[in-house]
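Colleague: Please find model.txt (compact mmCIF, C-alpha atoms and all ligand atoms) on the next line:
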# COMPACT_ATOMS: atom_id res chain seq x y z
CA MET D 1 113.11 177.10 180.18
CA ILE D 2 112.62 173.67 181.80
CA LYS D 3 115.82 171.65 181.57
CA SER D 4 115.01 167.96 181.05
CA CYS D 5 116.42 164.45 181.03
CA VAL D 6 114.99 161.34 179.28
CA ILE D 7 115.64 157.96 180.96
CA GLY D 8 115.43 154.91 178.63
CA LEU D 9 116.18 155.57 174.99
CA SER D 10 114.47 152.93 172.89
CA LYS D 11 111.58 153.83 170.58
CA ILE D 12 109.41 155.49 173.20
CA GLY D 13 112.27 157.40 174.87
CA GLN D 14 113.41 158.73 171.51
CA ILE D 15 109.89 160.00 170.75
CA HIS D 16 110.07 161.99 173.99
CA CYS D 17 113.55 163.36 173.13
CA SER D 18 112.28 164.62 169.81
CA ASN D 19 109.15 166.15 171.41
CA LEU D 20 111.10 167.95 174.15
CA LYS D 21 112.99 169.69 171.33
CA LYS D 22 109.68 170.80 169.77
CA ILE D 23 108.24 172.36 172.93
CA LYS D 24 109.32 175.98 173.39
CA LYS D 25 109.34 175.79 177.16
CA THR D 26 111.61 172.70 177.44
CA LYS D 27 115.26 171.95 176.73
CA LEU D 28 116.62 168.42 176.39
CA SER D 29 119.77 168.65 178.52
CA TYR D 30 120.54 164.98 179.32
CA VAL D 31 119.72 161.48 178.13
CA PHE D 32 120.34 158.30 180.10
CA ASP D 33 120.27 154.59 179.20
CA VAL D 34 122.14 151.56 180.57
CA ASP D 35 123.22 150.77 177.02
CA PRO D 36 126.40 152.86 176.46
CA ASP D 37 126.28 152.79 172.64
CA LEU D 38 122.66 153.89 172.53
CA ARG D 39 123.32 156.60 175.13
CA LYS D 40 126.20 158.01 173.06
CA LYS D 41 124.29 157.80 169.80
CA ILE D 42 121.22 159.61 171.13
CA SER D 43 123.16 162.31 173.00
CA LYS D 44 125.02 163.03 169.77
CA LYS D 45 121.81 163.07 167.73
CA TYR D 46 120.09 165.52 170.08
CA ASN D 47 123.19 167.49 170.94
CA CYS D 48 122.82 167.02 174.68
CA LEU D 49 124.80 165.51 177.56
CA SER D 50 124.76 161.94 178.86
CA SER D 51 126.47 160.08 181.67
CA SER D 52 127.22 156.47 182.57
CA ASN D 53 126.11 157.26 186.11
CA PHE D 54 122.53 158.41 186.70
CA ASN D 55 123.40 159.88 190.12
CA SER D 56 125.86 162.25 188.50
CA ILE D 57 122.99 163.66 186.36
CA LEU D 58 121.04 164.23 189.58
CA LYS D 59 123.91 166.35 190.89
CA ASP D 60 123.05 168.94 188.24
CA LYS D 61 120.30 170.67 190.19
CA SER D 62 119.20 172.71 187.19
CA ILE D 63 117.56 169.61 185.62
CA LYS D 64 113.90 169.91 186.63
CA LEU D 65 111.96 167.48 184.42
CA PHE D 66 112.64 163.74 184.06
CA ILE D 67 110.84 161.50 181.58
CA ILE D 68 110.88 157.84 182.64
CA ALA D 69 110.78 155.69 179.47
CA SER D 70 112.86 152.75 180.73
CA PRO D 71 111.27 149.28 181.18
CA THR D 72 108.44 149.15 183.70
CA THR D 73 110.57 146.96 186.01
CA THR D 74 112.74 150.08 186.62
CA HIS D 75 109.99 152.72 187.14
CA GLU D 76 109.71 152.35 190.89
CA TYR D 77 113.47 152.86 191.36
CA TYR D 78 113.49 156.10 189.36
CA LEU D 79 110.20 157.36 190.77
CA THR D 80 111.40 156.98 194.35
CA LYS D 81 114.66 158.85 193.65
CA LEU D 82 112.98 161.65 191.70
CA ILE D 83 110.13 162.12 194.18
CA ASN D 84 112.64 162.48 197.05
CA LEU D 85 114.42 165.18 195.02
CA LYS D 86 111.09 166.90 194.25
CA LYS D 87 111.54 166.72 190.47
CA MET D 88 108.83 167.16 187.86
CA ILE D 89 108.09 163.69 186.38
CA TYR D 90 106.50 162.31 183.21
CA CYS D 91 106.31 158.55 183.76
CA GLU D 92 105.45 156.15 180.98
CA LYS D 93 102.62 153.77 181.75
CA PRO D 94 102.36 151.55 183.80
CA ILE D 95 103.50 153.29 187.00
CA SER D 96 105.01 150.20 188.61
CA LEU D 97 104.58 146.44 188.43
CA ASP D 98 103.16 146.11 191.93
CA SER D 99 99.74 147.70 192.41
CA ASN D 100 99.98 147.16 196.19
CA LYS D 101 102.58 149.94 196.25
CA LEU D 102 100.39 152.51 194.52
CA ASN D 103 98.86 154.00 197.67
CA LEU D 104 102.26 154.66 199.21
CA LEU D 105 103.54 156.15 195.97
CA LYS D 106 100.47 158.37 195.70
CA LYS D 107 101.02 159.57 199.26
CA LYS D 108 104.70 160.37 198.60
CA ILE D 109 103.72 162.31 195.46
CA ALA D 110 101.18 164.35 197.44
CA VAL D 111 103.44 164.97 200.46
CA ASN D 112 106.32 166.12 198.26
CA LYS D 113 103.97 168.19 196.03
CA ILE D 114 105.27 166.52 192.87
CA LYS D 115 103.98 167.59 189.48
CA ILE D 116 103.58 164.30 187.63
CA CYS D 117 101.95 162.91 184.49
CA ILE D 118 101.35 159.26 183.62
CA GLY D 119 101.75 158.67 179.86
CA LEU D 120 98.14 157.90 178.92
CA ASN D 121 98.76 159.56 175.58
CA ARG D 122 96.08 157.59 173.65
CA ARG D 123 93.53 160.03 175.12
CA TYR D 124 95.22 162.72 173.00
CA SER D 125 95.17 160.74 169.76
CA TYR D 126 93.13 162.45 167.02
CA PRO D 127 90.67 159.57 166.26
CA TYR D 128 89.83 159.09 169.94
CA LEU D 129 89.47 162.81 170.65
CA LYS D 130 87.15 163.02 167.66
CA MET D 131 85.10 160.03 168.92
CA LYS D 132 84.83 161.58 172.39
CA LYS D 133 83.61 164.83 170.82
CA ILE D 134 81.00 163.06 168.66
CA LEU D 135 79.85 161.02 171.65
CA LYS D 136 79.16 164.19 173.68
CA ASN D 137 77.33 163.17 176.85
CA ARG D 138 75.56 160.16 175.33
CA LYS D 139 75.83 156.83 177.07
CA VAL D 140 77.88 154.01 175.55
CA LYS D 141 75.91 150.82 176.13
CA ILE D 142 78.39 148.44 174.57
CA ALA D 143 82.00 148.98 173.45
CA GLN D 144 84.24 146.62 171.51
CA ILE D 145 87.99 147.18 171.69
CA ILE D 146 90.38 145.18 169.52
CA SER D 147 94.16 145.38 169.63
CA ARG D 148 96.28 142.89 167.69
CA SER D 149 99.98 143.50 167.41
CA PHE D 150 102.35 142.69 164.66
CA LYS D 151 105.78 141.23 165.51
CA ALA D 152 105.47 141.79 169.30
CA ASN D 153 108.61 140.97 171.28
CA VAL D 154 107.99 138.59 174.19
CA ASN D 155 110.89 139.83 176.38
CA GLN D 156 109.77 143.41 175.95
CA SER D 157 106.22 142.42 176.90
CA VAL D 158 107.45 140.62 180.03
CA ARG D 159 109.70 143.45 181.26
CA ASN D 160 106.82 145.88 180.74
CA GLY D 161 104.40 143.82 182.82
CA GLY D 162 102.91 141.30 180.36
CA LEU D 163 99.88 141.43 178.06
CA PHE D 164 97.54 143.39 180.34
CA MET D 165 99.94 146.05 181.64
CA ASP D 166 101.91 146.40 178.44
CA LYS D 167 99.12 146.25 175.86
CA GLY D 168 95.93 146.43 177.92
CA PHE D 169 96.76 149.58 179.89
CA HIS D 170 95.81 152.17 177.24
CA PHE D 171 92.65 150.28 176.30
CA PHE D 172 91.37 149.85 179.86
CA ASP D 173 91.93 153.58 180.32
CA LEU D 174 90.15 154.43 177.06
CA ALA D 175 87.22 152.22 178.11
CA ASN D 176 86.86 154.13 181.40
CA TRP D 177 87.08 157.41 179.49
CA PHE D 178 84.49 156.57 176.82
CA VAL D 179 82.10 154.73 179.13
CA ASN D 180 82.57 157.35 181.84
CA SER D 181 82.44 154.78 184.61
CA MET D 182 84.57 152.11 186.27
CA PRO D 183 84.35 148.31 185.82
CA LYS D 184 82.71 146.26 188.56
CA ASN D 185 82.77 142.72 187.07
CA ILE D 186 85.60 141.33 184.99
CA LYS D 187 85.72 138.00 183.14
CA THR D 188 88.83 136.98 181.26
CA ILE D 189 89.81 134.13 179.00
CA ALA D 190 93.54 134.34 178.38
CA LYS D 191 95.76 131.90 176.48
CA SER D 192 99.06 131.67 174.73
CA ILE D 193 97.73 130.00 171.65
CA SER D 194 99.04 132.20 168.89
CA ARG D 195 102.66 132.51 170.10
CA LYS D 196 104.31 129.66 172.02
CA GLU D 197 107.20 131.80 173.26
CA PHE D 198 104.69 133.81 175.34
CA LEU D 199 103.61 130.56 177.03
CA ASP D 200 107.27 129.69 177.73
CA LYS D 201 107.75 133.06 179.48
CA LYS D 202 104.44 132.76 181.41
CA ASP D 203 102.89 135.67 179.52
CA PHE D 204 99.66 135.52 177.48
CA SER D 205 99.56 136.10 173.76
CA ASP D 206 95.77 136.24 173.47
CA ALA D 207 92.88 137.32 175.66
CA ILE D 208 89.19 138.07 175.57
CA ILE D 209 87.99 140.22 178.45
CA ASN D 210 84.45 141.21 179.30
CA MET D 211 83.78 144.00 181.75
CA LYS D 212 80.52 145.20 183.20
CA PHE D 213 80.75 148.80 184.41
CA ASN D 214 79.08 150.45 187.41
CA ASN D 215 76.72 152.36 185.07
CA GLY D 216 75.59 149.12 183.34
CA SER D 217 77.75 149.47 180.19
CA VAL D 218 79.54 146.40 178.87
CA VAL D 219 82.97 146.42 177.20
CA GLU D 220 84.57 143.54 175.33
CA PHE D 221 88.32 143.56 174.69
CA ILE D 222 90.12 141.30 172.23
CA PHE D 223 93.91 141.31 172.52
CA SER D 224 96.41 139.35 170.51
CA ARG D 225 100.17 139.35 169.99
CA SER D 226 99.68 138.14 166.48
CA SER D 227 98.21 139.81 163.41
CA ARG D 228 98.98 139.04 159.81
CA LEU D 229 97.82 142.37 158.42
CA GLY D 230 99.92 144.58 160.68
CA HIS D 231 99.08 146.34 163.94
CA GLU D 232 95.29 146.37 164.26
CA GLU D 233 93.52 148.69 166.68
CA ARG D 234 89.81 149.40 166.55
CA ILE D 235 87.26 150.78 168.99
CA LYS D 236 83.51 150.66 168.33
CA LEU D 237 81.03 152.41 170.61
CA PHE D 238 77.35 151.42 170.51
CA GLY D 239 74.49 153.35 172.11
CA ASN D 240 70.87 154.33 171.49
CA ASN D 241 70.73 154.85 167.72
CA PHE D 242 74.44 155.38 167.22
CA VAL D 243 77.63 153.50 166.36
CA ILE D 244 80.97 155.28 166.45
CA ASP D 245 83.78 153.38 164.77
CA SER D 246 87.43 154.44 165.12
CA ASN D 247 88.28 153.06 161.66
CA LYS D 248 86.41 156.04 160.23
CA TYR D 249 88.79 158.47 161.92
CA PHE D 250 92.20 156.81 161.47
CA ARG D 251 93.88 157.76 158.22
CA LYS D 252 93.49 154.78 155.85
CA ASN D 253 97.18 154.66 154.96
CA ILE D 254 98.19 154.14 158.62
CA LEU D 255 95.42 151.73 159.64
CA TYR D 256 97.82 148.79 159.96
CA GLU D 257 100.92 150.72 161.03
CA ASN D 258 102.48 150.28 164.46
CA PHE D 259 101.15 152.25 167.47
CA ASP D 260 103.94 154.85 167.43
CA ILE D 261 103.00 155.86 163.87
CA LYS D 262 99.24 155.63 164.42
CA HIS D 263 99.35 157.80 167.52
CA LYS D 264 102.44 159.89 166.68
CA ASP D 265 100.94 163.28 167.52
CA SER D 266 99.41 162.12 170.79
CA TYR D 267 102.81 161.86 172.54
CA LEU D 268 103.59 165.51 171.82
CA LYS D 269 100.08 166.70 172.73
CA CYS D 270 100.12 164.83 176.05
CA LEU D 271 103.59 166.08 177.04
CA LYS D 272 102.74 169.64 175.99
CA ASP D 273 99.52 169.62 177.99
CA PHE D 274 101.48 168.51 181.04
CA ILE D 275 104.22 171.12 180.58
CA TYR D 276 101.84 174.05 180.11
CA LYS D 277 99.31 173.03 182.78
CA ASP D 278 100.30 174.03 186.23
CA LYS D 279 99.31 170.74 187.84
CA THR D 280 99.55 166.96 187.91
CA ILE D 281 97.58 165.21 185.16
CA LEU D 282 96.44 161.60 184.59
CA LEU D 283 97.82 160.30 187.89
CA SER D 284 94.54 159.06 189.36
CA GLU D 285 93.54 157.68 185.95
CA GLY D 286 96.90 155.84 185.80
CA ILE D 287 96.42 154.42 189.29
CA GLN D 288 92.84 153.30 188.54
CA THR D 289 93.96 151.63 185.33
CA GLN D 290 96.79 149.84 187.07
CA ARG D 291 94.30 148.39 189.55
CA ILE D 292 92.14 147.22 186.64
CA CYS D 293 95.19 145.47 185.10
CA SER D 294 95.70 143.58 188.37
CA SER D 295 92.02 142.62 188.55
CA VAL D 296 92.14 141.36 184.97
CA LEU D 297 95.21 139.28 185.77
CA LYS D 298 93.46 137.82 188.83
CA SER D 299 90.36 137.03 186.80
CA THR D 300 92.42 134.90 184.37
CA GLN D 301 92.83 132.36 187.15
CA LYS D 302 89.10 132.16 187.81
CA ASN D 303 87.74 132.01 184.30
CA ASN D 304 90.25 130.10 182.25
CA PHE D 305 89.35 126.88 180.52
N1 LIG D 401 102.76 155.29 175.85
C1 LIG D 401 102.96 154.34 174.95
O1 LIG D 401 102.30 154.29 173.92
C2 LIG D 401 104.00 153.30 175.20
C3 LIG D 401 104.36 152.44 174.18
C4 LIG D 401 105.37 151.50 174.41
C5 LIG D 401 105.96 151.40 175.65
N2 LIG D 401 105.55 152.24 176.66
C6 LIG D 401 106.18 152.17 177.98
O2 LIG D 401 107.44 152.80 177.89
C7 LIG D 401 108.38 152.13 178.73
C8 LIG D 401 109.55 151.67 177.88
O3 LIG D 401 109.08 150.73 176.99
P1 LIG D 401 109.99 150.15 175.81
O4 LIG D 401 109.14 149.17 175.12
O5 LIG D 401 110.61 151.26 175.06
O6 LIG D 401 111.05 149.41 176.74
P2 LIG D 401 112.32 148.57 176.43
O7 LIG D 401 112.22 147.41 177.29
O8 LIG D 401 112.49 148.39 174.97
O9 LIG D 401 113.55 149.46 177.01
C9 LIG D 401 113.66 150.84 176.94
C10 LIG D 401 115.12 151.28 177.06
O10 LIG D 401 115.48 151.35 178.44
C11 LIG D 401 116.82 150.91 178.61
N3 LIG D 401 117.01 150.47 179.98
C12 LIG D 401 116.89 149.22 180.49
N4 LIG D 401 117.11 149.23 181.81
C13 LIG D 401 117.36 150.54 182.14
C14 LIG D 401 117.65 151.21 183.36
N5 LIG D 401 117.72 150.54 184.51
N6 LIG D 401 117.86 152.53 183.32
C15 LIG D 401 117.82 153.23 182.16
N7 LIG D 401 117.53 152.65 180.98
C16 LIG D 401 117.30 151.33 180.97
C17 LIG D 401 117.03 149.85 177.56
O11 LIG D 401 118.42 149.73 177.24
C18 LIG D 401 116.18 150.38 176.40
O12 LIG D 401 116.95 151.18 175.54
C19 LIG D 401 107.61 150.97 179.39
O13 LIG D 401 107.17 151.37 180.64
C20 LIG D 401 106.43 150.75 178.46
O14 LIG D 401 105.31 150.20 179.09
C21 LIG D 401 104.60 153.18 176.44
Now, as a test, write the supplied structure out as structure tokens.
Ligand SMILES: NC(=O)c1ccc[n+]([C@@H]2O[C@H](COP(=O)([O-])OP(=O)(O)OC[C@H]3O[C@@H](n4cnc5c(N)ncnc54)[C@H](O)[C@@H]3O)[C@@H](O)[C@H]2O)c1

Modeller:
Amino acid sequence: MIKSCVIGLSKIGQIHCSNLKKIKKTKLSYVFDVDPDLRKKISKKYNCLSSSNFNSILKDKSIKLFIIASPTTTHEYYLTKLINLKKMIYCEKPISLDSNKLNLLKKKIAVNKIKICIGLNRRYSYPYLKMKKILKNRKVKIAQIISRSFKANVNQSVRNGGLFMDKGFHFFDLANWFVNSMPKNIKTIAKSISRKEFLDKKDFSDAIINMKFNNGSVVEFIFSRSSRLGHEERIKLFGNNFVIDSNKYFRKNILYENFDIKHKDSYLKCLKDFIYKDKTILLSEGIQTQRICSSVLKSTQKNNF
């Protein structure tokens, strides 16, 4: 039995608490959040321990697995502590807010032989797995990726790294996965036209990104923090004599639901895969994607008008 602790208990942390309970090999022993009321409420709900002091949880050496689901601004702090203590780690995306620190982090993970997973759970979502299966080894020539959110919170976006790290991360990763290559040229037009509060906090609410990949494929991304219909997410893959459209594989009644409902099963599948595999998963993919986020951010300065 792997005794576990979840750090950060908002929506995403609570999904992980519930999933740890569903996996036979794991036990949810502790939860931790800086918000005392939330901490108490969730520890009661899941019948596990909590503490006002994270270091006191670390004193319990029997806790082997930590899930980091606190804001991205805090990931580096927890990662450093947990790596030094040689814990098993599931870290929500993105890894940290500073991609210059990724090499050092990667080295520490390797030196300390840490088993780690970065939460790229969209790869485990049914519609995308199905698309990948249908695609087989065929080449995607063009992909269009649209993600428009409904009622996005600007402060949450900012503390999780802004439009590209918070929203873009999964989609840049999915593009690499479907196209089976890495981007070499990136052009971005990013604005805060649809939501003024994003402009006030120096985040973008809208962006169009074009990427040319090393294998010649082209991917266009359209991101927005505004959508009247509800949360919209659609991926279309075009190749020689084929079009694969994600709308065909999402259940119709959840097409405009939020991401946690749309991809509900993917969180459990990703965590389970990590628990039962005897190795690190999705770390290099997470690092690559983080670098892409930084390149996209840089390209906003070059291509804006
Ligand atoms: N995989 C996915 O689909 C997905 C979806 C959404 C968010 N995320 C990621 O999950 C992480 C959490 O995102 P969120 O939107 O739930 O964040 P959030 O900003 O809403 O905060 C999460 C929780 O962490 C708590 N918290 C704040 N500071 C803390 C600290 N120092 N230590 C412990 N807890 C602290 C807050 O009180 C809150 O309850 C982010 O890294 C985000 O990018 C992943």

Colleague: With 12 Å as the cut-off and only C-alpha atoms counted, what is the closest atom pair between each nearby residue of stretch 44-121 of chain D and stretch 171-183 of chain D? Distances in Å to one decimal, ordered by chain and number, as CSV.

Modeller:
residue,atom,partner,partner_atom,distance
D:Lys93,CA,D:Asp173,CA,10.8
D:Pro94,CA,D:Asp173,CA,11.2
D:Ile118,CA,D:Asp173,CA,11.5
D:Gly119,CA,D:Asp173,CA,11.1
D:Leu120,CA,D:Asp173,CA,7.7
D:Asn121,CA,D:Leu174,CA,10.1

Colleague: Please, which residues in chain D fall within 6 Å of ligand LIG 401 (chain D) when counting all atoms listed in the file, and what is the closest atom pair and distance in Å to one decimal for each, ordered by chain then residue number, as CSV?

Modeller:
residue,atom,partner,partner_atom,distance
D:Ile7,CA,D:LIG401,C15,5.3
D:Gly8,CA,D:LIG401,O10,3.6
D:Leu9,CA,D:LIG401,O12,4.5
D:Ser10,CA,D:LIG401,O12,4.0
D:Lys11,CA,D:LIG401,O5,5.3
D:Ile12,CA,D:LIG401,O5,4.8
D:Asp33,CA,D:LIG401,N7,3.8
D:Val34,CA,D:LIG401,N7,4.8
D:Asp35,CA,D:LIG401,O11,4.9
D:Ala69,CA,D:LIG401,C7,4.4
D:Ser70,CA,D:LIG401,O10,3.8
D:Pro71,CA,D:LIG401,C19,4.4
D:Thr72,CA,D:LIG401,O13,4.0
D:Thr74,CA,D:LIG401,N5,5.4
D:Glu92,CA,D:LIG401,O2,5.0
D:Lys93,CA,D:LIG401,O14,5.2
D:Pro94,CA,D:LIG401,O14,5.7
D:Gly119,CA,D:LIG401,N1,5.3
D:Asn121,CA,D:LIG401,N1,5.9
D:Gln156,CA,D:LIG401,O7,4.9
D:Asn160,CA,D:LIG401,O14,4.9
D:Asp166,CA,D:LIG401,O14,5.1

Colleague: How would the residues just picked look written out with C-alpha atoms as a short mmCIF file (atom, residue, chain, number, x, y, z; two decimals), in the coordinates of the input?

Modeller:
data_model
loop_
_atom_site.label_atom_id
_atom_site.label_comp_id
_atom_site.auth_asym_id
_atom_site.auth_seq_id
_atom_site.Cartn_x
_atom_site.Cartn_y
_atom_site.Cartn_z
CA ILE D 7 115.64 157.96 180.96
CA GLY D 8 115.43 154.91 178.63
CA LEU D 9 116.18 155.57 174.99
CA SER D 10 114.47 152.93 172.89
CA LYS D 11 111.58 153.83 170.58
CA ILE D 12 109.41 155.49 173.20
CA ASP D 33 120.27 154.59 179.20
CA VAL D 34 122.14 151.56 180.57
CA ASP D 35 123.22 150.77 177.02
CA ALA D 69 110.78 155.69 179.47
CA SER D 70 112.86 152.75 180.73
CA PRO D 71 111.27 149.28 181.18
CA THR D 72 108.44 149.15 183.70
CA THR D 74 112.74 150.08 186.62
CA GLU D 92 105.45 156.15 180.98
CA LYS D 93 102.62 153.77 181.75
CA PRO D 94 102.36 151.55 183.80
CA GLY D 119 101.75 158.67 179.86
CA ASN D 121 98.76 159.56 175.58
CA GLN D 156 109.77 143.41 175.95
CA ASN D 160 106.82 145.88 180.74
CA ASP D 166 101.91 146.40 178.44
#

Colleague: Nearest to D:Gly239 among D:Cys270, D:Ile142, D:Ile287, D:Ile281, with distances taken over only C-alpha atoms: which residue is it?

Modeller: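 Smallest distance to D:Gly239 is found for D:Ile142.
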
Colleague: When you count all atoms listed in the file, which of these residues is closest to D:Ile114: D:Ile186, D:Ile134, D:Ile83, D:Ile275?

Modeller: D:Ile83

Colleague: From the list D:Asp278, D:Asp245, D:Asp37, D:Glu285, which residue is nearest D:Pro127 when using only C-alpha atoms?

Modeller: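 Of D:Asp278, D:Asp245, D:Asp37, D:Glu285, the one nearest D:Pro127, counting only C-alpha atoms, is D:Asp245.
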
Colleague: Hey, which of D:Val31, D:Ile63, D:Leu49, D:Phe221 ends up closest to D:Met1? Count all atoms listed in the file.

Modeller: D:Ile63

Colleague: For D:Glu257, work out the shell of residues within 8 Å, counting all atoms listed in the file and skipping chain neighbours fewer than 3 positions away, then give it as a list in words.

Modeller: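 The filter keeps Gly230, His231, Glu232, Ile254, Ile261 and Lys262 of chain D.
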
Colleague: Record the distance separating atom CA of D:Ala143 and atom CA of D:Gln288, expressed in Å with one decimal.

Modeller: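 The value is 19.1 Å.
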
Colleague: Kindly provide, as a list in words, the polymer residues lying within 10 Å of (101.0, 142.9, 166.1), counting only C-alpha atoms and using the coordinates exactly as they appear in the file.

Modeller: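 Those within range, by chain then number, are Ser147, Arg148, Ser149, Phe150, Lys151, Ala152, Asn153, Phe223, Ser224, Arg225, Ser226, Ser227, Arg228, Leu229, Gly230, His231, Glu232, Glu233, Tyr256, Glu257, Asn258 and Phe259 of chain D.
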
Colleague: Let's have the selection written as a CSV table (one decimal), keeping the file's coordinate frame, with C-alpha atoms.

Modeller:
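Generated file (result09.csv):
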chain,number,residue,atom,x,y,z
D,147,SER,CA,94.2,145.4,169.6
D,148,ARG,CA,96.3,142.9,167.7
D,149,SER,CA,100.0,143.5,167.4
D,150,PHE,CA,102.4,142.7,164.7
D,151,LYS,CA,105.8,141.2,165.5
D,152,ALA,CA,105.5,141.8,169.3
D,153,ASN,CA,108.6,141.0,171.3
D,223,PHE,CA,93.9,141.3,172.5
D,224,SER,CA,96.4,139.4,170.5
D,225,ARG,CA,100.2,139.4,170.0
D,226,SER,CA,99.7,138.1,166.5
D,227,SER,CA,98.2,139.8,163.4
D,228,ARG,CA,99.0,139.0,159.8
D,229,LEU,CA,97.8,142.4,158.4
D,230,GLY,CA,99.9,144.6,160.7
D,231,HIS,CA,99.1,146.3,163.9
D,232,GLU,CA,95.3,146.4,164.3
D,233,GLU,CA,93.5,148.7,166.7
D,256,TYR,CA,97.8,148.8,160.0
D,257,GLU,CA,100.9,150.7,161.0
D,258,ASN,CA,102.5,150.3,164.5
D,259,PHE,CA,101.2,152.2,167.5

Colleague: Report the distance between atom CA of D:Asp200 and atom CA of D:Val158 in Å, rounded to one decimal place.

Modeller: 11.2 Å

Colleague: For D:Tyr90, list every protein, DNA or RNA residue within 9 Å, evaluated using all atoms listed in the file, and leave out those in the same chain fewer than 6 positions away; present the list as a list in words.

Modeller: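 Near neighbours after the sequence-gap exclusion: Leu65, Phe66, Ile67, Ile68, Ala69, Lys115, Ile116, Cys117, Ile118, Gly119, Leu271 and Phe274 of chain D.
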
Colleague: Pick from D:Val111, D:Arg122, D:Asn103, D:Glu197: nearest to D:Lys264, with all atoms listed in the file counted?

Modeller: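 Nearest to D:Lys264: D:Arg122.
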
Colleague: What's the 8 Å shell around D:Thr26, counting only C-alpha atoms, without same-chain residues fewer than 6 positions away, as JSON, numbers by chain?

Modeller: {"D": [1, 2, 3, 4, 20]}

Colleague: Using all atoms listed in the file, which of the listed residues (D:Leu255, D:Met165, D:Met88, D:Val140) sits closest to D:Asn241?

Modeller: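 So, comparing all the options, the nearest one is D:Val140.
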
Colleague: Would you compute an axis-aligned box for stretch 190-199 of chain D, covering every atom listed for it in the file with 4 Å of margin on each side, and report centre and edge lengths in Å to one decimal as JSON?

Modeller:
{"center_x": 100.4, "center_y": 132.0, "center_z": 173.6, "size_x": 21.7, "size_y": 12.7, "size_z": 17.5}

Colleague: Could you tell me how far atom CA of D:Leu58 lies from atom CA of D:Tyr30, in Å and to one decimal?

Modeller: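 Distance reported for this atom pair: 10.3 Å.
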
Colleague: Using only C-alpha atoms and a cutoff of 12 Å, can you tell me which residues are near (125.4, 165.7, 173.8) in the file's coordinates, and write them out as a PyMOL selection string?

Modeller: chain D and resi 5+28-32+39-51

Colleague: Show which residues sit within 9 Å of D:Tyr128, as a list in words. Count all atoms listed in the file, and ignore same-chain residues fewer than 5 positions away.

Modeller: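 After dropping sequence-adjacent residues, the list is Arg122, Arg123, Lys133, Leu174, Ile235, Ser246 and Tyr249 of chain D.
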
Colleague: Dump stretch 102-113 of chain D with N, CA and C atoms to a file, as a PDB file, in the first residue's frame.

Modeller:
ATOM      1  N   LEU D 102      14.696  24.218 -15.405  1.00  0.00           N
ATOM      2  CA  LEU D 102      14.287  22.842 -15.693  1.00  0.00           C
ATOM      3  C   LEU D 102      15.456  21.868 -15.756  1.00  0.00           C
ATOM      4  N   ASN D 103      16.585  22.308 -16.319  1.00  0.00           N
ATOM      5  CA  ASN D 103      17.736  21.402 -16.433  1.00  0.00           C
ATOM      6  C   ASN D 103      18.235  20.961 -15.071  1.00  0.00           C
ATOM      7  N   LEU D 104      18.312  21.919 -14.147  1.00  0.00           N
ATOM      8  CA  LEU D 104      18.783  21.611 -12.794  1.00  0.00           C
ATOM      9  C   LEU D 104      17.814  20.652 -12.103  1.00  0.00           C
ATOM     10  N   LEU D 105      16.535  20.921 -12.273  1.00  0.00           N
ATOM     11  CA  LEU D 105      15.501  20.086 -11.667  1.00  0.00           C
ATOM     12  C   LEU D 105      15.580  18.656 -12.219  1.00  0.00           C
ATOM     13  N   LYS D 106      15.771  18.566 -13.534  1.00  0.00           N
ATOM     14  CA  LYS D 106      15.861  17.269 -14.197  1.00  0.00           C
ATOM     15  C   LYS D 106      17.060  16.482 -13.648  1.00  0.00           C
ATOM     16  N   LYS D 107      18.155  17.201 -13.455  1.00  0.00           N
ATOM     17  CA  LYS D 107      19.374  16.573 -12.936  1.00  0.00           C
ATOM     18  C   LYS D 107      19.139  16.046 -11.513  1.00  0.00           C
ATOM     19  N   LYS D 108      18.504  16.886 -10.683  1.00  0.00           N
ATOM     20  CA  LYS D 108      18.222  16.472  -9.292  1.00  0.00           C
ATOM     21  C   LYS D 108      17.325  15.239  -9.255  1.00  0.00           C
ATOM     22  N   ILE D 109      16.347  15.202 -10.175  1.00  0.00           N
ATOM     23  CA  ILE D 109      15.414  14.066 -10.239  1.00  0.00           C
ATOM     24  C   ILE D 109      16.180  12.795 -10.600  1.00  0.00           C
ATOM     25  N   ALA D 110      17.125  12.933 -11.557  1.00  0.00           N
ATOM     26  CA  ALA D 110      17.903  11.770 -11.995  1.00  0.00           C
ATOM     27  C   ALA D 110      18.869  11.324 -10.894  1.00  0.00           C
ATOM     28  N   VAL D 111      19.584  12.274 -10.309  1.00  0.00           N
ATOM     29  CA  VAL D 111      20.585  11.933  -9.279  1.00  0.00           C
ATOM     30  C   VAL D 111      19.916  11.247  -8.083  1.00  0.00           C
ATOM     31  N   ASN D 112      18.754  11.733  -7.692  1.00  0.00           N
ATOM     32  CA  ASN D 112      18.059  11.164  -6.530  1.00  0.00           C
ATOM     33  C   ASN D 112      17.147   9.983  -6.885  1.00  0.00           C
ATOM     34  N   LYS D 113      17.174   9.586  -8.162  1.00  0.00           N
ATOM     35  CA  LYS D 113      16.367   8.444  -8.661  1.00  0.00           C
ATOM     36  C   LYS D 113      14.890   8.567  -8.262  1.00  0.00           C
TER      37      LYS D 113
END
